[in-house]
file final11.tsv (TSV, C-alpha atoms)
chain	number	residue	atom	x	y	z
A	1	MET	CA	0.00	0.00	0.00
A	2	LYS	CA	1.34	3.40	-0.99
A	3	LYS	CA	2.37	5.57	1.94
A	4	GLU	CA	0.52	8.86	2.41
A	5	ILE	CA	2.56	12.05	2.17
A	6	ALA	CA	2.31	13.93	5.48
A	7	ILE	CA	1.92	17.71	5.19
A	8	LEU	CA	1.49	20.52	7.69
A	9	LYS	CA	-0.28	23.42	6.00
A	10	ILE	CA	-0.02	26.73	7.85
A	11	LEU	CA	-2.11	29.88	7.44
A	12	GLU	CA	-1.41	32.87	9.70
A	13	GLU	CA	-4.69	34.58	8.71
A	14	PRO	CA	-7.81	32.96	10.24
A	15	LYS	CA	-10.50	34.93	8.39
A	16	ILE	CA	-12.13	32.87	5.67
A	17	GLY	CA	-11.19	33.95	2.16
A	18	GLY	CA	-9.61	32.54	-0.97
A	19	PRO	CA	-6.48	31.01	0.67
A	20	GLN	CA	-8.54	29.27	3.35
A	21	ILE	CA	-11.02	27.83	0.82
A	22	TYR	CA	-8.10	26.78	-1.40
A	23	ALA	CA	-6.42	24.95	1.50
A	24	LEU	CA	-9.61	23.10	2.42
A	25	LEU	CA	-10.55	22.04	-1.11
A	26	LEU	CA	-7.04	20.82	-1.84
A	27	SER	CA	-6.73	18.93	1.44
A	28	TYR	CA	-10.11	17.28	0.91
A	29	ALA	CA	-9.39	16.32	-2.71
A	30	LEU	CA	-6.08	14.64	-1.77
A	31	ARG	CA	-7.42	12.49	1.07
A	32	GLY	CA	-5.97	9.00	0.95
A	33	GLU	CA	-2.81	10.18	-0.80
A	34	VAL	CA	-1.86	13.17	1.36
A	35	ASN	CA	-2.36	13.37	5.12
A	36	THR	CA	-2.89	17.09	5.79
A	37	THR	CA	-3.16	18.99	9.06
A	38	ILE	CA	-4.01	22.68	8.81
A	39	LEU	CA	-2.35	24.99	11.33
A	40	MET	CA	-4.07	28.28	12.11
A	41	PRO	CA	-4.19	31.08	14.71
A	42	ARG	CA	-6.19	30.38	17.85
A	43	LYS	CA	-7.74	33.85	17.86
A	44	ASP	CA	-10.68	34.62	15.53
A	45	SER	CA	-10.49	31.19	13.85
A	46	GLN	CA	-13.80	29.71	15.03
A	47	ASP	CA	-15.38	29.97	11.56
A	48	PHE	CA	-12.35	28.43	9.89
A	49	ARG	CA	-12.25	25.63	12.47
A	50	ALA	CA	-15.93	24.91	11.87
A	51	LEU	CA	-15.29	24.74	8.13
A	52	CYS	CA	-12.41	22.30	8.67
A	53	GLN	CA	-14.70	20.15	10.79
A	54	SER	CA	-17.36	20.17	8.09
A	55	TYR	CA	-14.77	18.84	5.60
A	56	ASN	CA	-13.37	16.42	8.20
A	57	ILE	CA	-9.92	18.01	7.81
A	58	LYS	CA	-7.54	17.84	10.78
A	59	TYR	CA	-6.40	21.13	12.24
A	60	LYS	CA	-4.40	22.53	15.14
A	61	THR	CA	-4.42	26.04	16.57
A	62	PHE	CA	-1.45	28.08	17.75
A	63	PRO	CA	-1.12	31.49	19.44
A	64	LEU	CA	-0.19	33.19	16.17
A	65	SER	CA	-0.37	36.97	15.77
A	66	ARG	CA	-0.65	38.49	12.31
A	67	ILE	CA	0.58	41.52	10.39
A	68	THR	CA	-2.11	44.18	10.46
A	69	LYS	CA	-2.72	47.92	10.73
A	70	GLU	CA	-4.60	47.34	14.00
A	71	LEU	CA	-2.22	48.72	16.64
A	72	ARG	CA	-2.85	46.16	19.36
A	73	GLU	CA	-2.45	43.19	17.03
A	74	ALA	CA	0.59	44.76	15.36
A	75	ALA	CA	2.20	45.18	18.80
A	76	ARG	CA	1.50	41.52	19.56
A	77	TYR	CA	3.15	40.56	16.27
A	78	ILE	CA	6.33	42.45	17.17
A	79	MET	CA	6.43	41.23	20.77
A	80	PHE	CA	5.58	37.55	20.31
A	81	SER	CA	6.81	36.52	16.84
A	82	PHE	CA	10.02	34.90	18.09
A	83	TYR	CA	8.09	32.93	20.70
A	84	GLU	CA	5.53	31.85	18.10
A	85	ILE	CA	8.28	30.69	15.73
A	86	TYR	CA	9.79	28.71	18.62
A	87	LYS	CA	6.43	27.04	19.33
A	88	LEU	CA	6.05	26.11	15.67
A	89	TYR	CA	9.63	24.82	15.51
A	90	ASN	CA	9.04	22.51	18.48
A	91	PHE	CA	5.88	21.18	16.90
A	92	PHE	CA	7.50	20.68	13.50
A	93	LYS	CA	10.51	18.94	15.06
A	94	SER	CA	8.36	16.41	16.88
A	95	ASN	CA	6.01	15.85	13.94
A	96	LYS	CA	6.67	13.26	11.20
A	97	ALA	CA	5.33	15.51	8.42
A	98	GLU	CA	7.63	15.64	5.40
A	99	ILE	CA	6.48	18.98	3.97
A	100	ILE	CA	5.62	22.34	5.52
A	101	TYR	CA	3.25	24.16	3.17
A	102	ILE	CA	3.11	27.94	3.68
A	103	ALA	CA	-0.39	28.49	2.37
A	104	GLY	CA	-1.34	32.06	3.19
A	105	GLY	CA	0.89	34.19	0.98
A	106	SER	CA	4.19	36.05	0.84
A	107	TRP	CA	3.87	37.88	4.18
A	108	GLN	CA	3.61	34.69	6.23
A	109	PHE	CA	7.16	34.07	7.43
A	110	LYS	CA	6.81	32.22	10.74
A	111	GLY	CA	6.13	28.75	9.40
A	112	LEU	CA	8.89	29.26	6.84
A	113	ILE	CA	11.54	30.05	9.47
A	114	ALA	CA	10.33	27.35	11.87
A	115	GLY	CA	10.21	24.79	9.08
A	116	ARG	CA	13.75	25.52	7.96
A	117	LEU	CA	15.02	25.32	11.56
A	118	ALA	CA	13.26	21.94	11.86
A	119	ASN	CA	14.94	20.80	8.63
A	120	LYS	CA	11.69	20.10	6.76
A	121	HIS	CA	10.91	20.39	3.05
A	122	ILE	CA	9.15	23.72	2.48
A	123	ILE	CA	6.69	24.81	-0.19
A	124	TRP	CA	5.71	28.48	-0.28
A	125	HIS	CA	2.40	29.18	-1.98
A	126	LEU	CA	2.09	32.72	-3.36
A	127	ASN	CA	-1.34	34.08	-4.22
A	128	ASP	CA	-1.18	37.83	-4.83
A	129	THR	CA	0.40	40.34	-7.18
A	130	TYR	CA	1.42	43.11	-4.80
A	131	ILE	CA	2.85	43.61	-1.30
A	132	PRO	CA	4.21	46.80	0.32
A	133	ARG	CA	7.88	47.62	-0.27
A	134	PHE	CA	9.08	46.61	3.21
A	135	LEU	CA	7.38	43.21	3.04
A	136	ARG	CA	8.71	42.75	-0.47
A	137	PHE	CA	12.23	43.34	0.91
A	138	VAL	CA	11.70	40.85	3.75
A	139	PHE	CA	10.27	38.29	1.32
A	140	SER	CA	13.31	38.57	-0.92
A	141	LYS	CA	15.70	38.11	2.01
A	142	LEU	CA	13.86	35.01	3.24
A	143	SER	CA	13.03	33.55	-0.17
A	144	GLY	CA	16.00	31.20	-0.16
A	145	LEU	CA	14.55	29.27	2.78
A	146	ALA	CA	11.85	27.65	0.62
A	147	ASP	CA	12.55	24.57	-1.49
A	148	MET	CA	9.70	25.06	-3.95
A	149	TYR	CA	7.21	27.74	-4.95
A	150	ILE	CA	3.67	27.29	-6.16
A	151	TYR	CA	2.17	30.36	-7.82
A	152	ALA	CA	-1.58	30.87	-8.07
A	153	SER	CA	-1.19	32.63	-11.42
A	154	GLU	CA	1.28	33.58	-14.13
A	155	ARG	CA	1.05	37.20	-12.94
A	156	THR	CA	1.98	36.11	-9.43
A	157	LYS	CA	4.98	34.27	-10.83
A	158	ASP	CA	6.02	37.29	-12.90
A	159	TYR	CA	5.78	39.50	-9.81
A	160	TYR	CA	7.66	37.32	-7.33
A	161	GLU	CA	10.15	35.30	-9.35
A	162	PRO	CA	12.61	38.23	-9.81
A	163	LEU	CA	12.64	38.71	-6.01
A	164	ILE	CA	13.62	35.13	-5.17
A	165	LYS	CA	17.23	34.53	-4.15
A	166	ASN	CA	18.81	31.60	-6.00
A	167	PRO	CA	16.79	29.73	-8.64
A	168	LYS	CA	13.95	27.70	-7.16
A	169	ILE	CA	11.55	25.11	-8.52
A	170	GLY	CA	8.26	26.84	-9.23
A	171	TYR	CA	4.92	25.82	-10.70
A	172	VAL	CA	1.81	27.78	-11.65
A	173	ILE	CA	-1.32	26.04	-10.37
A	174	PRO	CA	-4.54	28.09	-10.43
A	175	ALA	CA	-6.93	28.13	-7.49
A	176	PRO	CA	-9.54	25.36	-7.67
A	177	VAL	CA	-13.31	25.17	-7.82
A	178	ASP	CA	-15.41	22.12	-7.03
A	179	THR	CA	-17.51	22.01	-10.20
A	180	ASN	CA	-19.65	19.19	-8.82
A	181	HIS	CA	-20.63	21.37	-5.88
A	182	PHE	CA	-20.97	24.56	-7.92
A	183	ASP	CA	-23.31	23.04	-10.45
A	184	PRO	CA	-26.21	25.15	-11.79
A	185	ASN	CA	-28.30	22.02	-12.30
A	186	ILE	CA	-28.44	21.19	-8.58
A	187	GLU	CA	-31.83	22.01	-7.08
A	188	LEU	CA	-31.44	24.31	-4.07
A	189	GLU	CA	-34.79	24.63	-2.32
A	190	ASN	CA	-35.94	26.19	0.95
A	191	THR	CA	-32.70	28.02	1.48
A	192	ARG	CA	-32.03	30.96	3.79
A	193	ASP	CA	-32.50	33.39	0.91
A	194	SER	CA	-35.55	31.86	-0.77
A	195	SER	CA	-37.91	34.71	0.16
A	196	LEU	CA	-35.30	37.33	-0.73
A	197	ILE	CA	-34.74	35.75	-4.13
A	198	ALA	CA	-38.49	35.58	-4.71
A	199	SER	CA	-38.70	39.35	-4.13
A	200	TRP	CA	-36.44	39.90	-7.15
A	201	GLU	CA	-38.87	38.38	-9.62
A	202	GLY	CA	-38.75	40.23	-12.92
A	203	LYS	CA	-35.41	41.88	-12.09
A	204	ILE	CA	-32.05	41.49	-13.76
A	205	ILE	CA	-29.56	40.76	-10.95
A	206	VAL	CA	-25.98	41.98	-11.19
A	207	GLY	CA	-23.85	40.62	-8.37
A	208	MET	CA	-20.45	39.98	-6.92
A	209	VAL	CA	-19.00	37.79	-4.14
A	210	ALA	CA	-16.20	39.53	-2.25
A	211	ASN	CA	-14.99	40.54	1.17
A	212	ILE	CA	-15.60	44.28	1.50
A	213	ASN	CA	-12.13	45.58	0.79
A	214	PRO	CA	-10.67	48.38	-1.41
A	215	VAL	CA	-8.74	45.80	-3.44
A	216	LYS	CA	-12.10	44.42	-4.65
A	217	GLY	CA	-12.96	47.78	-6.22
A	218	VAL	CA	-16.41	47.86	-4.61
A	219	GLN	CA	-16.65	51.61	-5.24
A	220	ASP	CA	-16.39	50.87	-8.98
A	221	PHE	CA	-19.19	48.31	-8.67
A	222	ILE	CA	-21.36	51.05	-7.11
A	223	LYS	CA	-20.50	53.62	-9.78
A	224	THR	CA	-21.25	51.07	-12.51
A	225	ALA	CA	-24.60	50.32	-10.86
A	226	ALA	CA	-25.46	54.03	-10.84
A	227	ASN	CA	-24.63	54.30	-14.55
A	228	LEU	CA	-26.72	51.25	-15.41
A	229	ASN	CA	-29.72	52.64	-13.52
A	230	LYS	CA	-29.77	55.50	-16.01
A	231	ARG	CA	-30.27	52.98	-18.83
A	232	HIS	CA	-32.57	50.41	-17.22
A	233	ASN	CA	-35.36	50.37	-14.64
A	234	SER	CA	-35.51	46.66	-13.81
A	235	LEU	CA	-32.15	46.04	-12.16
A	236	TYR	CA	-31.02	44.96	-8.72
A	237	PHE	CA	-27.44	44.82	-7.43
A	238	ILE	CA	-26.08	42.52	-4.73
A	239	ILE	CA	-22.70	42.18	-3.04
A	240	ILE	CA	-22.16	39.00	-1.03
A	241	GLY	CA	-19.38	39.05	1.54
A	242	PRO	CA	-18.47	40.03	5.09
A	243	VAL	CA	-17.37	43.41	6.40
A	244	PHE	CA	-14.44	42.73	8.71
A	245	LYS	CA	-13.73	45.11	11.56
A	246	ASN	CA	-10.64	46.60	9.90
A	247	GLN	CA	-12.76	47.56	6.85
A	248	SER	CA	-15.62	49.26	8.73
A	249	SER	CA	-14.51	52.77	7.76
A	250	TYR	CA	-14.23	51.74	4.10
A	251	PHE	CA	-17.72	50.27	4.27
A	252	LYS	CA	-19.06	53.57	5.59
A	253	THR	CA	-17.57	55.36	2.56
A	254	LEU	CA	-19.37	52.87	0.33
A	255	GLU	CA	-22.69	53.54	2.06
A	256	LEU	CA	-22.15	57.27	1.59
A	257	LEU	CA	-21.33	56.71	-2.08
A	258	CYS	CA	-24.58	54.77	-2.54
A	259	LYS	CA	-26.49	57.71	-1.06
A	260	LYS	CA	-24.62	60.21	-3.22
A	261	GLU	CA	-25.42	58.21	-6.34
A	262	GLY	CA	-29.06	57.78	-5.31
A	263	LEU	CA	-28.58	54.03	-5.45
A	264	LEU	CA	-31.55	52.41	-3.69
A	265	ASN	CA	-31.62	49.08	-5.54
A	266	ILE	CA	-28.48	47.59	-3.99
A	267	SER	CA	-27.96	45.26	-1.04
A	268	PHE	CA	-24.84	44.32	0.89
A	269	LEU	CA	-25.90	40.84	1.93
A	270	GLY	CA	-23.00	39.91	4.22
A	271	SER	CA	-21.40	36.49	4.32
A	272	ARG	CA	-23.05	33.21	3.42
A	273	SER	CA	-21.96	29.68	4.26
A	274	ASP	CA	-23.41	28.65	0.89
A	275	VAL	CA	-23.42	31.26	-1.87
A	276	ARG	CA	-24.86	28.94	-4.53
A	277	PRO	CA	-28.54	29.97	-4.22
A	278	LEU	CA	-27.61	33.62	-4.71
A	279	LEU	CA	-25.09	32.85	-7.45
A	280	LYS	CA	-27.72	30.80	-9.26
A	281	ARG	CA	-30.05	33.82	-9.32
A	282	ILE	CA	-27.42	36.29	-10.55
A	283	ASP	CA	-27.79	37.16	-14.25
A	284	VAL	CA	-24.47	38.99	-14.69
A	285	TYR	CA	-21.52	38.40	-12.39
A	286	LEU	CA	-19.36	41.52	-12.10
A	287	CYS	CA	-15.81	41.48	-10.72
A	288	THR	CA	-14.40	45.00	-10.30
A	289	SER	CA	-11.18	44.08	-8.45
A	290	VAL	CA	-8.10	46.22	-8.86
A	291	ALA	CA	-5.78	43.32	-7.95
A	292	GLU	CA	-6.23	39.54	-7.89
A	293	SER	CA	-4.23	36.44	-8.67
A	294	SER	CA	-6.55	33.47	-9.16
A	295	PRO	CA	-9.95	34.59	-7.82
A	296	ILE	CA	-11.94	31.62	-6.55
A	297	SER	CA	-15.16	33.66	-6.49
A	298	VAL	CA	-14.90	34.21	-10.26
A	299	TRP	CA	-14.17	30.52	-10.86
A	300	GLU	CA	-17.24	29.62	-8.78
A	301	ALA	CA	-19.37	31.95	-10.89
A	302	MET	CA	-17.98	30.34	-14.05
A	303	SER	CA	-18.78	26.90	-12.65
A	304	MET	CA	-22.36	28.10	-12.00
A	305	ALA	CA	-22.58	29.03	-15.72
A	306	LYS	CA	-22.80	32.77	-15.14
A	307	ALA	CA	-22.08	35.45	-17.72
A	308	ILE	CA	-19.09	37.32	-16.31
A	309	VAL	CA	-17.68	40.81	-16.70
A	310	SER	CA	-14.30	41.11	-14.98
A	311	THR	CA	-11.48	43.57	-14.79
A	312	ASN	CA	-8.23	42.30	-16.28
A	313	VAL	CA	-6.66	41.16	-13.02
A	314	GLY	CA	-4.54	38.13	-12.20
A	315	ASP	CA	-5.00	35.30	-14.66
A	316	VAL	CA	-8.70	35.96	-15.30
A	317	SER	CA	-8.01	36.60	-18.98
A	318	ARG	CA	-6.41	33.13	-19.30
A	319	PHE	CA	-9.78	31.57	-18.54
A	320	ILE	CA	-12.23	34.21	-19.72
A	321	GLU	CA	-11.70	35.18	-23.34
A	322	ASP	CA	-13.23	38.55	-24.10
A	323	GLY	CA	-16.25	38.11	-26.34
A	324	LEU	CA	-16.13	34.30	-26.22
A	325	ASN	CA	-17.19	33.36	-22.71
A	326	GLY	CA	-17.27	36.73	-20.96
A	327	CYS	CA	-16.04	40.31	-21.03
A	328	ILE	CA	-12.67	41.66	-19.86
A	329	THR	CA	-12.30	45.33	-18.97
A	330	ASP	CA	-9.63	47.64	-17.58
A	331	SER	CA	-9.65	48.24	-13.82
A	332	GLY	CA	-11.26	51.55	-12.92
A	333	ASP	CA	-12.70	52.18	-16.40
A	334	ILE	CA	-16.30	52.72	-15.32
A	335	GLU	CA	-17.59	53.50	-18.81
A	336	GLN	CA	-16.06	50.34	-20.27
A	337	ILE	CA	-17.37	48.22	-17.40
A	338	THR	CA	-20.82	49.79	-17.73
A	339	SER	CA	-20.92	49.17	-21.48
A	340	SER	CA	-19.94	45.51	-21.09
A	341	VAL	CA	-22.57	44.82	-18.42
A	342	ASP	CA	-25.18	46.78	-20.38
A	343	ASN	CA	-24.57	44.62	-23.46
A	344	LEU	CA	-25.21	41.46	-21.45
A	345	ILE	CA	-28.29	42.89	-19.75
A	346	LYS	CA	-29.82	43.51	-23.18
A	347	ASN	CA	-28.84	40.12	-24.65
A	348	ASN	CA	-30.30	37.10	-22.89
A	349	TYR	CA	-28.93	34.69	-25.53
A	350	LEU	CA	-25.38	36.01	-25.07
A	351	ARG	CA	-25.64	35.67	-21.29
A	352	ARG	CA	-26.66	32.04	-21.67
A	353	GLU	CA	-23.93	31.23	-24.21
A	354	PHE	CA	-21.19	32.89	-22.15
A	355	GLY	CA	-22.35	30.95	-19.10
A	356	ILE	CA	-22.33	27.58	-20.87
A	357	LYS	CA	-18.83	28.15	-22.24
A	358	SER	CA	-17.49	29.38	-18.90
A	359	ARG	CA	-18.71	26.27	-17.12
A	360	GLU	CA	-16.90	24.15	-19.73
A	361	VAL	CA	-13.68	26.04	-18.98
A	362	ALA	CA	-14.19	25.60	-15.24
A	363	ILE	CA	-14.70	21.85	-15.59
A	364	ASN	CA	-11.80	21.29	-17.97
A	365	ARG	CA	-9.19	23.66	-16.51
A	366	LEU	CA	-10.12	24.83	-13.03
A	367	ASP	CA	-11.72	21.85	-11.30
A	368	VAL	CA	-10.26	20.86	-7.94
A	369	LYS	CA	-9.27	17.46	-9.35
A	370	ASN	CA	-6.82	19.15	-11.73
A	371	CYS	CA	-5.43	21.30	-8.92
A	372	ALA	CA	-5.01	18.28	-6.65
A	373	ALA	CA	-3.30	16.17	-9.32
A	374	ASN	CA	-0.80	18.95	-10.06
A	375	HIS	CA	-0.06	19.47	-6.37
A	376	LEU	CA	0.55	15.76	-5.92
A	377	LEU	CA	3.07	15.84	-8.77
A	378	ALA	CA	4.80	18.80	-7.11
A	379	TYR	CA	4.96	17.00	-3.76
A	380	ASN	CA	6.42	13.89	-5.39
A	381	ARG	CA	9.08	15.87	-7.18
A	382	LEU	CA	10.05	17.71	-4.01
A	383	LEU	CA	10.44	14.38	-2.19
A	384	GLY	CA	12.30	12.75	-5.09
A	385	ILE	CA	9.49	10.38	-5.99
A	386	PRO	CA	9.50	9.68	-9.77
A	387	ALA	CA	6.60	11.30	-11.65
A	388	GLN	CA	6.11	11.14	-15.41
A	389	ASP	CA	3.26	13.60	-15.88
A	390	LYS	CA	3.72	17.31	-16.33
A	391	ILE	CA	2.23	20.15	-14.36

call {"tool": "encode", "arguments": {"input": "final11.tsv", "output": "structure tokens"}}
result
Amino acid sequence: MKKEIAILKILEEPKIGGPQIYALLLSYALRGEVNTTILMPRKDSQDFRALCQSYNIKYKTFPLSRITKELREAARYIMFSFYEIYKLYNFFKSNKAEIIYIAGGSWQFKGLIAGRLANKHIIWHLNDTYIPRFLRFVFSKLSGLADMYIYASERTKDYYEPLIKNPKIGYVIPAPVDTNHFDPNIELENTRDSSLIASWEGKIIVGMVANINPVKGVQDFIKTAANLNKRHNSLYFIIIGPVFKNQSSYFKTLELLCKKEGLLNISFLGSRSDVRPLLKRIDVYLCTSVAESSPISVWEAMSMAKAIVSTNVGDVSRFIEDGLNGCITDSGDIEQITSSVDNLIKNNYLRREFGIKSREVAINRLDVKNCAANHLLAYNRLLGIPAQDKI
């Protein structure tokens, strides 16, 4: 019987977002071949822990502080980082795991340092296309500690590869989507939002799934909505995603912008444990991000056969071809974004065709099975296990 590869996957950010979903889907898909334990901060991780339990994925919590603009938490990071690295080192040293997988991005250094001190194989997963100058400097100095890099997109690779000291093995593996779970043909009845969805009868719904954050370009979504209201009178706009405490002031500016634009037909719906019922009702999915790498929320919309308009961020344009299965626009170009959404609002046939083709792309190129198979090849190569296939 083939031995399972043992991996410790560490995320220093406990709030649920793309990296956390990525880690769960990948760990679940590789069960039986890879024995994964997810390590996470003790503080504020109750939702992430619950999600791990729902997937039956092992996890362990540590007293990990995180880099943030919040003064108290930033002080904790400075004061306790060495102690936290020491705690991780002791755990790694006593654990039989062969690989330490740094899953949360380029600013997460503690598992990297502890893993190197414990003499483990280290994979560093990078999933963004920008970090502040100081963190970029620190990343470059520590980059030699990793044995392998996995990039969420070609743009992520282009951004980070010049910063890495000494040539390293690196593979581009896009974020995954479970296309069996995000299937538009699944009947979803008596859900939390059934009555809300019923109230939108006769409306064209334009929506987005995103944490409320400036990087998601939510202000551009609002401005686009205001423009579209001047052309149509049967629209409704929804934004699905949480407002974290550190984004409360930004959210207030968005509420003020809605008032300024006279935008009454918009709802910030907050987070959902299952976004599929709302995604299924959306007619046009609009991504207005100013920076992304491999946005899982867009892949989920593709898997749900939605017509998508997205800014040209990350590797979106590798999977959405403008005019073939969606529309690609420039970030911040409100007129271009408005025109693209307007064209889809007026063309029901085109919305349907774009959605069908996008789901085909999601199944063939973005499904979690592809992501898992490519990760397994990477693990084997790192451990010197012969593998004939190519990533």

call {"tool": "closest_residue", "arguments": {"input": "final11.tsv", "among": "A:Glu12, A:Glu335, A:Glu261, A:Asp47", "to": "Gly111 in chain A", "atoms": "only C-alpha atoms"}}
result
A:Glu12

call {"tool": "closest_residue", "arguments": {"input": "final11.tsv", "among": "A:Pro174, A:Gly217, A:Gly384, A:Gly241", "to": "Gly270 in chain A", "atoms": "all atoms listed in the file"}}
result
A:Gly241

call {"tool": "closest_residue", "arguments": {"input": "final11.tsv", "among": "A:Asp342, A:Asp274, A:Asp333, A:Glu4", "to": "Val206 in chain A", "atoms": "all atoms listed in the file"}}
result
A:Asp342

call {"tool": "closest_residue", "arguments": {"input": "final11.tsv", "among": "A:Phe244, A:Tyr28, A:Phe137, A:Tyr77", "to": "Ser54 in chain A", "atoms": "only C-alpha atoms"}}
result
A:Tyr28

call {"tool": "residues_near_point", "arguments": {"input": "final11.tsv", "point": "(-35.3, 48.7, -10.3)", "cutoff": "12 Å", "atoms": "all atoms listed in the file", "output": "PyMOL selection string"}}
result
chain A and resi 199-206+225-226+228-237+263-266

call {"tool": "atom_distance", "arguments": {"input": "final11.tsv", "atom1": "CA of Lys216 in chain A", "atom2": "CA of Gly170 in chain A"}}
result
27.3 Å

call {"tool": "closest_residue", "arguments": {"input": "final11.tsv", "among": "A:Ile186, A:Ala210, A:Leu51, A:Leu8", "to": "Leu112 in chain A", "atoms": "all atoms listed in the file"}}
result
A:Leu8

call {"tool": "axis_aligned_box", "arguments": {"input": "final11.tsv", "around": "range 198-215 of chain A", "padding_each_side": "3 Å", "output": "AutoDock Vina command-line options"}}
result
--center_x -23.8 --center_y 42.0 --center_z -6.1 --size_x 36.1 --size_y 18.8 --size_z 21.3

call {"tool": "closest_residue", "arguments": {"input": "final11.tsv", "among": "A:Thr311, A:Tyr22, A:Lys9, A:Glu33", "to": "Leu88 in chain A", "atoms": "only C-alpha atoms"}}
result
A:Lys9

call {"tool": "closest_atom_pairs", "arguments": {"input": "final11.tsv", "of": "range 275-322 of chain A", "to": "range 359-371 of chain A", "cutoff": "6 Å", "atoms": "all atoms listed in the file", "output": "Markdown table"}}
result
| residue | atom | partner | partner_atom | distance |
| --- | --- | --- | --- | --- |
| A:Met302 | CA | A:Arg359 | CA | 5.2 |
| A:Ser303 | CA | A:Arg359 | CA | 4.5 |
| A:Ala305 | CA | A:Arg359 | CA | 5.0 |

call {"tool": "build_atoms", "arguments": {"input": "final11.tsv", "residues": "range 187-192 of chain A", "atoms": "all heavy atoms", "output": "short mmCIF file (atom, residue, chain, number, x, y, z; two decimals), keeping the file's coordinate frame"}}
result
data_model
loop_
_atom_site.label_atom_id
_atom_site.label_comp_id
_atom_site.auth_asym_id
_atom_site.auth_seq_id
_atom_site.Cartn_x
_atom_site.Cartn_y
_atom_site.Cartn_z
N GLU A 187 -30.66 21.33 -7.62
CA GLU A 187 -31.83 22.01 -7.08
C GLU A 187 -31.54 22.44 -5.64
O GLU A 187 -31.16 21.65 -4.79
CB GLU A 187 -33.04 21.08 -7.09
CG GLU A 187 -33.55 20.74 -8.49
CD GLU A 187 -34.08 21.97 -9.23
OE1 GLU A 187 -34.60 22.87 -8.54
OE2 GLU A 187 -33.98 22.01 -10.47
N LEU A 188 -31.70 23.74 -5.38
CA LEU A 188 -31.44 24.31 -4.07
C LEU A 188 -32.74 24.94 -3.55
O LEU A 188 -33.06 26.08 -3.87
CB LEU A 188 -30.33 25.36 -4.15
CG LEU A 188 -28.99 24.88 -4.72
CD1 LEU A 188 -28.09 26.04 -5.05
CD2 LEU A 188 -28.30 23.95 -3.71
N GLU A 189 -33.47 24.18 -2.76
CA GLU A 189 -34.79 24.63 -2.32
C GLU A 189 -34.79 24.96 -0.83
O GLU A 189 -33.98 24.45 -0.05
CB GLU A 189 -35.83 23.54 -2.60
CG GLU A 189 -35.99 23.23 -4.09
CD GLU A 189 -37.02 22.13 -4.34
OE1 GLU A 189 -37.48 21.55 -3.35
OE2 GLU A 189 -37.32 21.87 -5.51
N ASN A 190 -35.74 25.82 -0.45
CA ASN A 190 -35.94 26.19 0.95
C ASN A 190 -34.65 26.66 1.62
O ASN A 190 -34.29 26.24 2.72
CB ASN A 190 -36.53 25.01 1.74
CG ASN A 190 -37.87 24.56 1.18
OD1 ASN A 190 -38.69 25.41 0.82
ND2 ASN A 190 -38.08 23.26 1.10
N THR A 191 -33.95 27.51 0.93
CA THR A 191 -32.70 28.02 1.48
C THR A 191 -32.97 29.28 2.29
O THR A 191 -34.07 29.84 2.29
CB THR A 191 -31.72 28.36 0.34
OG1 THR A 191 -32.22 29.47 -0.41
CG2 THR A 191 -31.51 27.17 -0.57
N ARG A 192 -31.95 29.75 2.97
CA ARG A 192 -32.03 30.96 3.79
C ARG A 192 -32.54 32.16 2.99
O ARG A 192 -33.24 33.01 3.53
CB ARG A 192 -30.64 31.25 4.37
CG ARG A 192 -30.45 32.62 4.98
CD ARG A 192 -29.01 32.81 5.42
NE ARG A 192 -28.77 34.16 5.88
CZ ARG A 192 -27.59 34.60 6.32
NH1 ARG A 192 -26.57 33.79 6.37
NH2 ARG A 192 -27.45 35.86 6.71
#
